[in-house]
$ cat protein_15.cif   # mmCIF, C-alpha atoms
data_structure
#
loop_
_atom_site.group_PDB
_atom_site.id
_atom_site.type_symbol
_atom_site.label_atom_id
_atom_site.label_comp_id
_atom_site.auth_asym_id
_atom_site.auth_seq_id
_atom_site.Cartn_x
_atom_site.Cartn_y
_atom_site.Cartn_z
ATOM 1 C CA MET W 1 0.000 0.000 0.000
ATOM 2 C CA SER W 2 1.496 3.348 -1.072
ATOM 3 C CA GLU W 3 2.097 6.161 1.401
ATOM 4 C CA SER W 4 -0.259 9.152 1.288
ATOM 5 C CA PHE W 5 -0.470 12.651 2.788
ATOM 6 C CA ARG W 6 -3.613 14.440 4.003
ATOM 7 C CA VAL W 7 -4.394 17.937 2.777
ATOM 8 C CA GLY W 8 -6.955 20.108 4.559
ATOM 9 C CA THR W 9 -9.308 22.460 2.753
ATOM 10 C CA ARG W 10 -12.498 24.453 3.187
ATOM 11 C CA GLY W 11 -15.478 23.053 1.320
ATOM 12 C CA SER W 12 -16.147 25.901 -1.133
ATOM 13 C CA ALA W 13 -15.684 25.266 -4.855
ATOM 14 C CA LEU W 14 -12.762 27.701 -5.006
ATOM 15 C CA ALA W 15 -11.035 26.227 -1.954
ATOM 16 C CA THR W 16 -11.369 22.636 -3.154
ATOM 17 C CA THR W 17 -10.254 23.580 -6.675
ATOM 18 C CA GLN W 18 -7.162 25.395 -5.403
ATOM 19 C CA THR W 19 -6.361 22.633 -2.952
ATOM 20 C CA GLY W 20 -6.864 19.936 -5.555
ATOM 21 C CA TRP W 21 -4.527 21.674 -7.992
ATOM 22 C CA ALA W 22 -1.775 22.117 -5.395
ATOM 23 C CA ALA W 23 -2.187 18.605 -3.987
ATOM 24 C CA GLN W 24 -1.939 16.946 -7.401
ATOM 25 C CA LYS W 25 1.202 18.954 -8.225
ATOM 26 C CA LEU W 26 2.778 17.843 -4.941
ATOM 27 C CA ALA W 27 1.652 14.256 -5.429
ATOM 28 C CA GLY W 28 3.339 14.257 -8.833
ATOM 29 C CA ILE W 29 6.602 15.636 -7.444
ATOM 30 C CA SER W 30 6.669 13.485 -4.300
ATOM 31 C CA GLY W 31 5.264 10.229 -5.638
ATOM 32 C CA LEU W 32 2.814 10.121 -2.710
ATOM 33 C CA ASP W 33 -0.934 9.597 -2.846
ATOM 34 C CA VAL W 34 -3.172 12.351 -1.488
ATOM 35 C CA GLU W 35 -6.246 12.315 0.757
ATOM 36 C CA THR W 36 -8.438 15.432 1.055
ATOM 37 C CA VAL W 37 -9.874 16.443 4.442
ATOM 38 C CA LEU W 38 -12.796 18.933 4.446
ATOM 39 C CA VAL W 39 -12.779 21.405 7.362
ATOM 40 C CA LYS W 40 -15.696 23.724 8.167
ATOM 41 C CA THR W 41 -14.515 27.174 9.314
ATOM 42 C CA GLU W 42 -16.174 29.963 11.290
ATOM 43 C CA GLY W 43 -16.335 32.107 8.175
ATOM 44 C CA ASP W 44 -18.393 29.420 6.463
ATOM 45 C CA VAL W 45 -21.105 29.259 9.132
ATOM 46 C CA VAL W 46 -21.331 32.780 10.629
ATOM 47 C CA THR W 47 -23.291 35.423 8.728
ATOM 48 C CA GLY W 48 -22.436 39.097 8.489
ATOM 49 C CA SER W 49 -19.881 41.183 6.606
ATOM 50 C CA LEU W 50 -16.251 40.079 6.569
ATOM 51 C CA ALA W 51 -15.207 43.367 8.137
ATOM 52 C CA THR W 52 -17.447 42.804 11.182
ATOM 53 C CA LEU W 53 -16.328 39.166 11.434
ATOM 54 C CA GLY W 54 -12.743 40.313 11.833
ATOM 55 C CA GLY W 55 -11.656 39.954 8.228
ATOM 56 C CA THR W 56 -11.020 36.953 6.060
ATOM 57 C CA GLY W 57 -8.737 35.412 8.705
ATOM 58 C CA VAL W 58 -11.892 33.733 10.043
ATOM 59 C CA PHE W 59 -11.606 31.276 7.157
ATOM 60 C CA ALA W 60 -8.102 30.162 8.173
ATOM 61 C CA ALA W 61 -8.366 29.610 11.936
ATOM 62 C CA ALA W 62 -10.150 26.244 11.974
ATOM 63 C CA LEU W 63 -8.009 24.911 9.139
ATOM 64 C CA ARG W 64 -4.851 25.895 11.003
ATOM 65 C CA GLN W 65 -6.087 24.301 14.222
ATOM 66 C CA HIS W 66 -6.809 21.096 12.328
ATOM 67 C CA LEU W 67 -3.240 21.165 11.037
ATOM 68 C CA LEU W 68 -1.804 21.777 14.523
ATOM 69 C CA ASP W 69 -3.907 18.895 15.872
ATOM 70 C CA ALA W 70 -2.427 16.619 13.148
ATOM 71 C CA GLY W 71 -5.831 16.170 11.520
ATOM 72 C CA CYS W 72 -4.055 16.859 8.240
ATOM 73 C CA ASP W 73 -0.434 17.185 7.068
ATOM 74 C CA LEU W 74 -0.851 20.228 4.839
ATOM 75 C CA ALA W 75 -3.288 23.137 4.503
ATOM 76 C CA VAL W 76 -3.816 25.224 1.364
ATOM 77 C CA HIS W 77 -4.911 28.849 1.777
ATOM 78 C CA SER W 78 -5.458 31.883 -0.421
ATOM 79 C CA LEU W 79 -2.555 33.951 0.867
ATOM 80 C CA LYS W 80 -4.538 37.190 0.850
ATOM 81 C CA ASP W 81 -6.880 35.609 3.435
ATOM 82 C CA LEU W 82 -4.122 34.897 5.967
ATOM 83 C CA PRO W 83 -3.373 37.258 8.872
ATOM 84 C CA THR W 84 0.207 38.528 8.682
ATOM 85 C CA ALA W 85 1.165 37.087 12.105
ATOM 86 C CA GLN W 86 2.340 33.507 11.610
ATOM 87 C CA PRO W 87 1.036 31.150 14.340
ATOM 88 C CA GLU W 88 3.585 29.361 16.495
ATOM 89 C CA GLY W 89 4.122 25.805 15.314
ATOM 90 C CA LEU W 90 3.187 26.448 11.680
ATOM 91 C CA VAL W 91 5.224 27.540 8.653
ATOM 92 C CA LEU W 92 4.391 28.572 5.075
ATOM 93 C CA ALA W 93 6.353 25.763 3.469
ATOM 94 C CA ALA W 94 5.624 26.744 -0.139
ATOM 95 C CA ILE W 95 4.231 29.692 -2.061
ATOM 96 C CA PRO W 96 3.933 28.535 -5.683
ATOM 97 C CA ALA W 97 4.083 30.823 -8.715
ATOM 98 C CA ARG W 98 1.361 33.443 -8.572
ATOM 99 C CA GLU W 99 -1.813 33.572 -10.650
ATOM 100 C CA ASP W 100 -3.211 36.848 -12.065
ATOM 101 C CA VAL W 101 -2.971 39.468 -9.290
ATOM 102 C CA ARG W 102 -5.683 41.785 -10.578
ATOM 103 C CA ASP W 103 -9.245 42.405 -9.472
ATOM 104 C CA ALA W 104 -11.934 41.685 -12.046
ATOM 105 C CA LEU W 105 -15.137 43.521 -12.900
ATOM 106 C CA CYS W 106 -18.054 41.222 -13.713
ATOM 107 C CA SER W 107 -20.927 43.376 -14.967
ATOM 108 C CA ARG W 108 -24.268 43.237 -16.731
ATOM 109 C CA ASP W 109 -24.369 43.708 -20.498
ATOM 110 C CA SER W 110 -20.534 43.560 -20.674
ATOM 111 C CA LEU W 111 -20.265 47.166 -19.487
ATOM 112 C CA GLY W 112 -16.771 48.361 -18.556
ATOM 113 C CA LEU W 113 -16.067 50.340 -15.403
ATOM 114 C CA ASP W 114 -16.316 53.646 -17.272
ATOM 115 C CA GLN W 115 -19.488 52.552 -19.101
ATOM 116 C CA LEU W 116 -21.540 51.669 -16.021
ATOM 117 C CA PRO W 117 -24.417 54.101 -15.476
ATOM 118 C CA HIS W 118 -24.389 56.854 -12.874
ATOM 119 C CA GLY W 119 -25.238 55.383 -9.469
ATOM 120 C CA ALA W 120 -24.525 51.813 -10.571
ATOM 121 C CA LYS W 121 -24.772 49.242 -7.772
ATOM 122 C CA ILE W 122 -21.534 47.295 -7.358
ATOM 123 C CA GLY W 123 -21.173 44.395 -4.946
ATOM 124 C CA THR W 124 -18.059 43.640 -2.914
ATOM 125 C CA GLY W 125 -17.305 42.498 0.617
ATOM 126 C CA SER W 126 -13.889 44.175 0.555
ATOM 127 C CA PRO W 127 -13.342 47.653 2.080
ATOM 128 C CA ARG W 128 -10.169 47.888 -0.063
ATOM 129 C CA ARG W 129 -12.111 47.378 -3.278
ATOM 130 C CA ALA W 130 -14.981 49.611 -2.163
ATOM 131 C CA ALA W 131 -12.674 52.492 -1.251
ATOM 132 C CA GLN W 132 -10.733 52.358 -4.511
ATOM 133 C CA LEU W 133 -13.945 52.106 -6.546
ATOM 134 C CA LEU W 134 -15.338 55.207 -4.812
ATOM 135 C CA ALA W 135 -12.044 57.035 -5.251
ATOM 136 C CA TYR W 136 -12.302 56.340 -8.990
ATOM 137 C CA ARG W 137 -16.027 57.097 -9.286
ATOM 138 C CA SER W 138 -17.798 58.580 -6.282
ATOM 139 C CA ASP W 139 -21.237 58.051 -7.853
ATOM 140 C CA PHE W 140 -21.124 54.260 -7.456
ATOM 141 C CA GLU W 141 -23.353 52.659 -4.825
ATOM 142 C CA ILE W 142 -21.364 49.956 -3.024
ATOM 143 C CA VAL W 143 -23.358 46.953 -1.780
ATOM 144 C CA ASP W 144 -21.752 44.704 0.843
ATOM 145 C CA ILE W 145 -22.014 41.075 -0.277
ATOM 146 C CA ARG W 146 -20.827 37.657 0.870
ATOM 147 C CA GLY W 147 -20.988 34.144 -0.509
ATOM 148 C CA ASN W 148 -19.042 31.938 -2.872
ATOM 149 C CA VAL W 149 -18.036 33.068 -6.357
ATOM 150 C CA PRO W 150 -21.096 31.701 -8.242
ATOM 151 C CA THR W 151 -23.432 33.212 -5.614
ATOM 152 C CA ARG W 152 -21.800 36.619 -6.028
ATOM 153 C CA LEU W 153 -21.912 36.362 -9.811
ATOM 154 C CA GLY W 154 -25.594 35.497 -9.566
ATOM 155 C CA ARG W 155 -26.265 38.886 -7.981
ATOM 156 C CA VAL W 156 -25.420 40.543 -11.318
ATOM 157 C CA LYS W 157 -28.400 41.187 -13.584
ATOM 158 C CA GLY W 158 -28.579 38.511 -16.260
ATOM 159 C CA VAL W 159 -25.467 36.611 -15.195
ATOM 160 C CA GLY W 160 -27.142 34.041 -12.928
ATOM 161 C CA LYS W 161 -29.042 32.632 -15.917
ATOM 162 C CA THR W 162 -25.767 31.796 -17.667
ATOM 163 C CA LEU W 163 -24.353 29.800 -14.741
ATOM 164 C CA ASP W 164 -25.738 26.411 -15.681
ATOM 165 C CA ASP W 165 -23.780 24.241 -13.231
ATOM 166 C CA GLY W 166 -26.441 24.448 -10.517
ATOM 167 C CA SER W 167 -24.150 26.413 -8.205
ATOM 168 C CA VAL W 168 -26.418 29.451 -8.031
ATOM 169 C CA GLY W 169 -29.479 28.927 -5.847
ATOM 170 C CA ARG W 170 -33.018 30.076 -6.496
ATOM 171 C CA SER W 171 -32.540 32.976 -4.083
ATOM 172 C CA THR W 172 -30.260 34.699 -6.597
ATOM 173 C CA GLN W 173 -31.513 38.245 -6.845
ATOM 174 C CA GLY W 174 -29.897 39.754 -9.943
ATOM 175 C CA ASP W 175 -30.056 43.048 -8.068
ATOM 176 C CA LEU W 176 -26.623 44.443 -8.934
ATOM 177 C CA ASP W 177 -25.024 46.068 -11.965
ATOM 178 C CA ALA W 178 -21.652 44.467 -11.238
ATOM 179 C CA VAL W 179 -19.475 42.686 -8.699
ATOM 180 C CA ILE W 180 -15.721 42.811 -8.136
ATOM 181 C CA LEU W 181 -13.904 39.497 -7.662
ATOM 182 C CA ALA W 182 -10.296 38.338 -7.698
ATOM 183 C CA ALA W 183 -9.266 37.393 -11.228
ATOM 184 C CA ALA W 184 -7.209 34.495 -9.858
ATOM 185 C CA GLY W 185 -10.239 32.794 -8.323
ATOM 186 C CA MET W 186 -12.305 33.282 -11.468
ATOM 187 C CA ARG W 187 -9.573 31.760 -13.602
ATOM 188 C CA ARG W 188 -9.030 28.823 -11.249
ATOM 189 C CA LEU W 189 -12.757 28.063 -11.401
ATOM 190 C CA GLY W 190 -12.858 28.353 -15.178
ATOM 191 C CA LEU W 191 -15.248 31.319 -14.971
ATOM 192 C CA GLU W 192 -13.046 33.879 -16.714
ATOM 193 C CA ASP W 193 -15.636 34.246 -19.512
ATOM 194 C CA HIS W 194 -17.720 36.210 -16.982
ATOM 195 C CA ILE W 195 -14.964 38.811 -16.529
ATOM 196 C CA THR W 196 -15.918 42.066 -18.248
ATOM 197 C CA GLU W 197 -12.723 43.951 -17.420
ATOM 198 C CA TYR W 198 -9.466 43.245 -15.630
ATOM 199 C CA LEU W 199 -8.923 46.294 -13.408
ATOM 200 C CA ASP W 200 -5.517 47.818 -13.919
ATOM 201 C CA PRO W 201 -3.510 48.209 -10.677
ATOM 202 C CA SER W 202 -3.307 51.946 -11.452
ATOM 203 C CA ILE W 203 -7.055 52.007 -10.701
ATOM 204 C CA MET W 204 -7.228 49.256 -8.086
ATOM 205 C CA LEU W 205 -4.208 47.847 -6.274
ATOM 206 C CA PRO W 206 -4.877 44.268 -5.180
ATOM 207 C CA ALA W 207 -4.799 42.929 -1.649
ATOM 208 C CA PRO W 208 -1.361 41.960 -0.311
ATOM 209 C CA GLY W 209 -0.728 38.381 -1.420
ATOM 210 C CA GLN W 210 -3.613 38.336 -3.922
ATOM 211 C CA GLY W 211 -3.314 35.638 -6.580
ATOM 212 C CA ALA W 212 -0.890 33.554 -4.485
ATOM 213 C CA LEU W 213 -1.516 30.314 -2.627
ATOM 214 C CA ALA W 214 0.065 29.502 0.739
ATOM 215 C CA LEU W 215 0.859 25.864 1.520
ATOM 216 C CA GLU W 216 1.220 25.502 5.271
ATOM 217 C CA THR W 217 2.674 22.677 7.375
ATOM 218 C CA ARG W 218 3.749 22.211 10.954
ATOM 219 C CA SER W 219 7.114 23.778 11.733
ATOM 220 C CA ALA W 220 8.558 20.337 12.471
ATOM 221 C CA GLY W 221 7.552 19.218 8.979
ATOM 222 C CA SER W 222 4.589 17.494 7.391
ATOM 223 C CA GLY W 223 5.558 14.056 8.663
ATOM 224 C CA HIS W 224 6.476 12.947 5.133
ATOM 225 C CA GLN W 225 10.059 13.506 3.998
ATOM 226 C CA ALA W 226 9.076 13.229 0.331
ATOM 227 C CA LEU W 227 6.306 15.836 0.785
ATOM 228 C CA ASP W 228 8.651 18.254 2.568
ATOM 229 C CA ALA W 229 11.136 17.933 -0.306
ATOM 230 C CA ALA W 230 8.344 18.472 -2.844
ATOM 231 C CA LEU W 231 7.161 21.615 -1.009
ATOM 232 C CA SER W 232 10.680 23.032 -1.137
ATOM 233 C CA GLN W 233 10.798 22.379 -4.895
ATOM 234 C CA PHE W 234 7.289 23.836 -5.415
ATOM 235 C CA ASP W 235 8.156 27.149 -3.731
ATOM 236 C CA ASP W 236 8.640 30.064 -6.166
ATOM 237 C CA ALA W 237 11.390 32.447 -5.035
ATOM 238 C CA HIS W 238 10.149 35.503 -6.972
ATOM 239 C CA THR W 239 6.561 35.114 -5.777
ATOM 240 C CA ARG W 240 7.721 34.647 -2.195
ATOM 241 C CA MET W 241 9.795 37.842 -2.287
ATOM 242 C CA GLN W 242 6.879 39.815 -3.732
ATOM 243 C CA VAL W 243 4.325 38.649 -1.182
ATOM 244 C CA GLU W 244 6.769 38.984 1.738
ATOM 245 C CA ALA W 245 7.181 42.684 0.866
ATOM 246 C CA GLU W 246 3.418 43.198 0.555
ATOM 247 C CA ARG W 247 2.602 41.414 3.814
ATOM 248 C CA ALA W 248 5.388 43.188 5.731
ATOM 249 C CA LEU W 249 3.848 46.493 4.660
ATOM 250 C CA LEU W 250 0.401 45.366 5.831
ATOM 251 C CA SER W 251 1.797 44.137 9.147
ATOM 252 C CA THR W 252 3.719 47.366 9.811
ATOM 253 C CA LEU W 253 0.594 49.405 9.090
ATOM 254 C CA GLU W 254 -1.070 47.169 11.726
ATOM 255 C CA ALA W 255 -3.877 46.588 9.265
ATOM 256 C CA GLY W 256 -5.844 43.379 8.917
ATOM 257 C CA CYS W 257 -6.590 41.607 5.658
ATOM 258 C CA ALA W 258 -9.975 43.398 5.465
ATOM 259 C CA ALA W 259 -8.442 46.909 5.762
ATOM 260 C CA PRO W 260 -8.593 49.457 2.899
ATOM 261 C CA ILE W 261 -4.944 48.810 2.015
ATOM 262 C CA GLY W 262 -3.664 47.656 -1.387
ATOM 263 C CA ALA W 263 -0.141 46.520 -2.216
ATOM 264 C CA LEU W 264 1.620 44.985 -5.188
ATOM 265 C CA ALA W 265 5.281 44.110 -5.659
ATOM 266 C CA HIS W 266 7.029 43.135 -8.880
ATOM 267 C CA ILE W 267 10.544 42.308 -10.022
ATOM 268 C CA ASP W 268 12.200 44.925 -12.252
ATOM 269 C CA GLY W 269 15.640 43.707 -13.299
ATOM 270 C CA ASP W 270 17.603 43.247 -10.079
ATOM 271 C CA ASP W 271 15.175 45.397 -8.103
ATOM 272 C CA LEU W 272 12.013 44.620 -6.183
ATOM 273 C CA VAL W 273 9.445 47.398 -6.616
ATOM 274 C CA LEU W 274 6.573 47.804 -4.150
ATOM 275 C CA GLU W 275 3.475 49.952 -4.726
ATOM 276 C CA ALA W 276 0.978 50.593 -1.953
ATOM 277 C CA VAL W 277 -2.210 52.544 -1.346
ATOM 278 C CA ALA W 278 -4.053 53.508 1.832
ATOM 279 C CA CYS W 279 -7.639 54.651 1.343
ATOM 280 C CA ASN W 280 -10.292 56.343 3.384
ATOM 281 C CA PRO W 281 -13.130 53.784 3.456
ATOM 282 C CA ASP W 282 -15.457 56.230 1.673
ATOM 283 C CA GLY W 283 -12.900 56.849 -1.094
ATOM 284 C CA SER W 284 -12.609 60.547 -0.263
ATOM 285 C CA GLU W 285 -8.851 60.379 0.246
ATOM 286 C CA THR W 286 -6.104 58.030 -0.915
ATOM 287 C CA MET W 287 -2.360 57.910 -0.291
ATOM 288 C CA ARG W 288 -0.331 56.062 -2.927
ATOM 289 C CA ARG W 289 3.398 55.449 -2.584
ATOM 290 C CA SER W 290 6.084 53.245 -4.106
ATOM 291 C CA ALA W 291 9.644 52.216 -3.290
ATOM 292 C CA ARG W 292 12.299 49.889 -4.660
ATOM 293 C CA ILE W 293 15.353 48.021 -3.435
ATOM 294 C CA ALA W 294 18.018 45.787 -4.929
ATOM 295 C CA CYS W 295 16.657 42.534 -3.627
ATOM 296 C CA SER W 296 17.774 38.910 -3.523
ATOM 297 C CA THR W 297 16.443 37.719 -0.135
ATOM 298 C CA THR W 298 13.119 37.552 1.677
ATOM 299 C CA ASP W 299 14.658 39.552 4.546
ATOM 300 C CA ALA W 300 15.370 42.424 2.143
ATOM 301 C CA ALA W 301 11.849 42.132 0.737
ATOM 302 C CA GLN W 302 10.366 42.374 4.217
ATOM 303 C CA GLN W 303 12.527 45.404 4.973
ATOM 304 C CA LEU W 304 11.235 47.103 1.811
ATOM 305 C CA GLY W 305 7.663 46.557 2.992
ATOM 306 C CA ARG W 306 8.390 47.819 6.498
ATOM 307 C CA SER W 307 10.249 50.930 5.340
ATOM 308 C CA LEU W 308 7.555 51.924 2.838
ATOM 309 C CA ALA W 309 4.869 51.436 5.500
ATOM 310 C CA GLN W 310 6.835 53.533 7.993
ATOM 311 C CA SER W 311 7.159 56.391 5.501
ATOM 312 C CA MET W 312 3.415 56.188 4.787
ATOM 313 C CA ILE W 313 2.636 56.227 8.519
ATOM 314 C CA ALA W 314 4.830 59.312 8.886
ATOM 315 C CA ASP W 315 2.729 60.969 6.158
ATOM 316 C CA GLY W 316 -0.544 60.084 7.918
ATOM 317 C CA ALA W 317 -1.595 56.807 6.257
ATOM 318 C CA ALA W 318 -3.145 55.436 9.448
ATOM 319 C CA VAL W 319 -5.433 58.464 9.678
ATOM 320 C CA VAL W 320 -6.339 58.281 5.964
ATOM 321 C CA ALA W 321 -7.265 54.578 6.207
ATOM 322 C CA GLY W 322 -9.085 54.907 9.529
ATOM 323 C CA LEU W 323 -6.512 52.733 11.313
ATOM 324 C CA ALA W 324 -5.331 55.341 13.835
#

$ encode --input "protein_15.cif" --output "structure tokens"
Amino acid sequence: MSESFRVGTRGSALATTQTGWAAQKLAGISGLDVETVLVKTEGDVVTGSLATLGGTGVFAAALRQHLLDAGCDLAVHSLKDLPTAQPEGLVLAAIPAREDVRDALCSRDSLGLDQLPHGAKIGTGSPRRAAQLLAYRSDFEIVDIRGNVPTRLGRVKGVGKTLDDGSVGRSTQGDLDAVILAAAGMRRLGLEDHITEYLDPSIMLPAPGQGALALETRSAGSGHQALDAALSQFDDAHTRMQVEAERALLSTLEAGCAAPIGALAHIDGDDLVLEAVACNPDGSETMRRSARIACSTTDAAQQLGRSLAQSMIADGAAVVAGLA
């Protein structure tokens, strides 16, 4: 009987798709079989906006506890959903190459952001997205929404009828002109045909870590030498440096993953460039800054994030973003 490892995941379509992709890649590298363990999290059962629930970290807590309790050997997260403080006893063993980092507009009648009518209703559960939308067009009406990707898409007029996989329930309202979702999740689910417009980072900076997956194990290892070796091979050095800079900025600003903060790092030659924005939740004020550093280590990437955050704090970013 061949050896297998257990991978923990939430039960949503996006979570199981992401987990399945990562697990099969690791199984191929390691030669191990894989067993999937479904874990129900607080964020899956408690209603209310993500901001009032304490941010998207509510989705990770139960999964991490299951990992600590040895109920699984590996957990797969959307990195943007993870709090920046790493729990004792756990380590991000691999961050594979990143998917599309951008936010995506999914609208009725294929209308672009500039073509949406005055007062258009746009759904998002993210204060970061809401603030940047209002900064771009103050006439938009932002509607706080929750639910899985098909449920959110079903809120858009006319779109629910085109989702023929049965994933949108009869309660779908079709009450919105558009929703904003992460392009990475749409692409992973094969729903990119519903994307009307990829929002350029000059309009909307993504969440720190957006588009990246985090593969987490116990600090002492997964319990499988072949899996630990596969995780090391699966890790992408450039992606790790980028997200380390973004998350260090978020941590230094003492902002949670539901705060109106955007950040995006990219490699430019030998340099790591980090862009960041802090927004007033109502979009009335934004502070956008960038910095770069010759970078070859994660320590240097983290220092770039911390130093840019400190300069933004000195200029009043905490007050702008309502974090003070």

$ closest_residue --input "protein_15.cif" --among "W:Asp175, W:Asp193, W:Asp228, W:Asp235" --to "Ser110 in chain W" --atoms "all atoms listed in the file"
W:Asp193

$ closest_residue --input "protein_15.cif" --among "W:Glu99, W:Gly283, W:Ala212, W:Leu205" --to "Ser138 in chain W" --atoms "all atoms listed in the file"
W:Gly283

$ atom_distance --input "protein_15.cif" --atom1 "CA of Asp236 in chain W" --atom2 "CA of Arg98 in chain W"
8.4 Å

$ closest_atom_pairs --input "protein_15.cif" --of "range 194-277 of chain W" --to "range 27-37 of chain W" --cutoff "7 Å" --atoms "only C-alpha atoms" --output "Markdown table"
| residue | atom | partner | partner_atom | distance |
| --- | --- | --- | --- | --- |
| W:Ala226 | CA | W:Ser30 | CA | 5.2 |
| W:Leu227 | CA | W:Ser30 | CA | 5.6 |
| W:Ala230 | CA | W:Ser30 | CA | 5.5 |

$ atom_distance --input "protein_15.cif" --atom1 "CA of Gly174 in chain W" --atom2 "CA of Ala120 in chain W"
13.2 Å

$ closest_residue --input "protein_15.cif" --among "W:His66, W:His224, W:Lys80, W:Arg155" --to "Cys257 in chain W" --atoms "all atoms listed in the file"
W:Lys80

$ residues_around --input "protein_15.cif" --residues "Leu191 in chain W" --least-positions-apart "4" --cutoff "12 Å" --atoms "only C-alpha atoms" --output "list in words"
Ala13, Leu14, Ala104, Cys106, Val149, Pro150, Leu153, Val159, Thr162, Leu163, Asp164, Asp165, Leu181, Ala182, Ala183, Ala184, Gly185, Met186, Arg187, Ile195 and Thr196 of chain W

$ write_last_selection --input "protein_15.cif" --atoms "C-alpha atoms" --output "PDB file, in the coordinates of the input"
ATOM      1  CA  ALA W  13     -15.684  25.266  -4.855  1.00  0.00           C
ATOM      2  CA  LEU W  14     -12.762  27.701  -5.006  1.00  0.00           C
ATOM      3  CA  ALA W 104     -11.934  41.685 -12.046  1.00  0.00           C
ATOM      4  CA  CYS W 106     -18.054  41.222 -13.713  1.00  0.00           C
ATOM      5  CA  VAL W 149     -18.036  33.068  -6.357  1.00  0.00           C
ATOM      6  CA  PRO W 150     -21.096  31.701  -8.242  1.00  0.00           C
ATOM      7  CA  LEU W 153     -21.912  36.362  -9.811  1.00  0.00           C
ATOM      8  CA  VAL W 159     -25.467  36.611 -15.195  1.00  0.00           C
ATOM      9  CA  THR W 162     -25.767  31.796 -17.667  1.00  0.00           C
ATOM     10  CA  LEU W 163     -24.353  29.800 -14.741  1.00  0.00           C
ATOM     11  CA  ASP W 164     -25.738  26.411 -15.681  1.00  0.00           C
ATOM     12  CA  ASP W 165     -23.780  24.241 -13.231  1.00  0.00           C
ATOM     13  CA  LEU W 181     -13.904  39.497  -7.662  1.00  0.00           C
ATOM     14  CA  ALA W 182     -10.296  38.338  -7.698  1.00  0.00           C
ATOM     15  CA  ALA W 183      -9.266  37.393 -11.228  1.00  0.00           C
ATOM     16  CA  ALA W 184      -7.209  34.495  -9.858  1.00  0.00           C
ATOM     17  CA  GLY W 185     -10.239  32.794  -8.323  1.00  0.00           C
ATOM     18  CA  MET W 186     -12.305  33.282 -11.468  1.00  0.00           C
ATOM     19  CA  ARG W 187      -9.573  31.760 -13.602  1.00  0.00           C
ATOM     20  CA  ILE W 195     -14.964  38.811 -16.529  1.00  0.00           C
ATOM     21  CA  THR W 196     -15.918  42.066 -18.248  1.00  0.00           C
TER      22      THR W 196
END

$ residues_near_point --input "protein_15.cif" --point "(-4.1, 51.4, -0.5)" --cutoff "12 Å" --atoms "only C-alpha atoms" --output "PyMOL selection string"
chain W and resi 127-133+135+201-208+246+249-250+253+255+257-264+274-281+283+285-290+309+312+317-318+320-322

$ write_last_selection --input "protein_15.cif" --atoms "C-alpha atoms" --output "tab-separated table (two decimals), keeping the file's coordinate frame"
chain	number	residue	atom	x	y	z
W	127	PRO	CA	-13.34	47.65	2.08
W	128	ARG	CA	-10.17	47.89	-0.06
W	129	ARG	CA	-12.11	47.38	-3.28
W	130	ALA	CA	-14.98	49.61	-2.16
W	131	ALA	CA	-12.67	52.49	-1.25
W	132	GLN	CA	-10.73	52.36	-4.51
W	133	LEU	CA	-13.94	52.11	-6.55
W	135	ALA	CA	-12.04	57.04	-5.25
W	201	PRO	CA	-3.51	48.21	-10.68
W	202	SER	CA	-3.31	51.95	-11.45
W	203	ILE	CA	-7.06	52.01	-10.70
W	204	MET	CA	-7.23	49.26	-8.09
W	205	LEU	CA	-4.21	47.85	-6.27
W	206	PRO	CA	-4.88	44.27	-5.18
W	207	ALA	CA	-4.80	42.93	-1.65
W	208	PRO	CA	-1.36	41.96	-0.31
W	246	GLU	CA	3.42	43.20	0.56
W	249	LEU	CA	3.85	46.49	4.66
W	250	LEU	CA	0.40	45.37	5.83
W	253	LEU	CA	0.59	49.40	9.09
W	255	ALA	CA	-3.88	46.59	9.26
W	257	CYS	CA	-6.59	41.61	5.66
W	258	ALA	CA	-9.98	43.40	5.46
W	259	ALA	CA	-8.44	46.91	5.76
W	260	PRO	CA	-8.59	49.46	2.90
W	261	ILE	CA	-4.94	48.81	2.02
W	262	GLY	CA	-3.66	47.66	-1.39
W	263	ALA	CA	-0.14	46.52	-2.22
W	264	LEU	CA	1.62	44.98	-5.19
W	274	LEU	CA	6.57	47.80	-4.15
W	275	GLU	CA	3.48	49.95	-4.73
W	276	ALA	CA	0.98	50.59	-1.95
W	277	VAL	CA	-2.21	52.54	-1.35
W	278	ALA	CA	-4.05	53.51	1.83
W	279	CYS	CA	-7.64	54.65	1.34
W	280	ASN	CA	-10.29	56.34	3.38
W	281	PRO	CA	-13.13	53.78	3.46
W	283	GLY	CA	-12.90	56.85	-1.09
W	285	GLU	CA	-8.85	60.38	0.25
W	286	THR	CA	-6.10	58.03	-0.92
W	287	MET	CA	-2.36	57.91	-0.29
W	288	ARG	CA	-0.33	56.06	-2.93
W	289	ARG	CA	3.40	55.45	-2.58
W	290	SER	CA	6.08	53.24	-4.11
W	309	ALA	CA	4.87	51.44	5.50
W	312	MET	CA	3.42	56.19	4.79
W	317	ALA	CA	-1.60	56.81	6.26
W	318	ALA	CA	-3.14	55.44	9.45
W	320	VAL	CA	-6.34	58.28	5.96
W	321	ALA	CA	-7.26	54.58	6.21
W	322	GLY	CA	-9.09	54.91	9.53

$ atom_distance --input "protein_15.cif" --atom1 "CA of Leu92 in chain W" --atom2 "CA of Thr239 in chain W"
12.9 Å
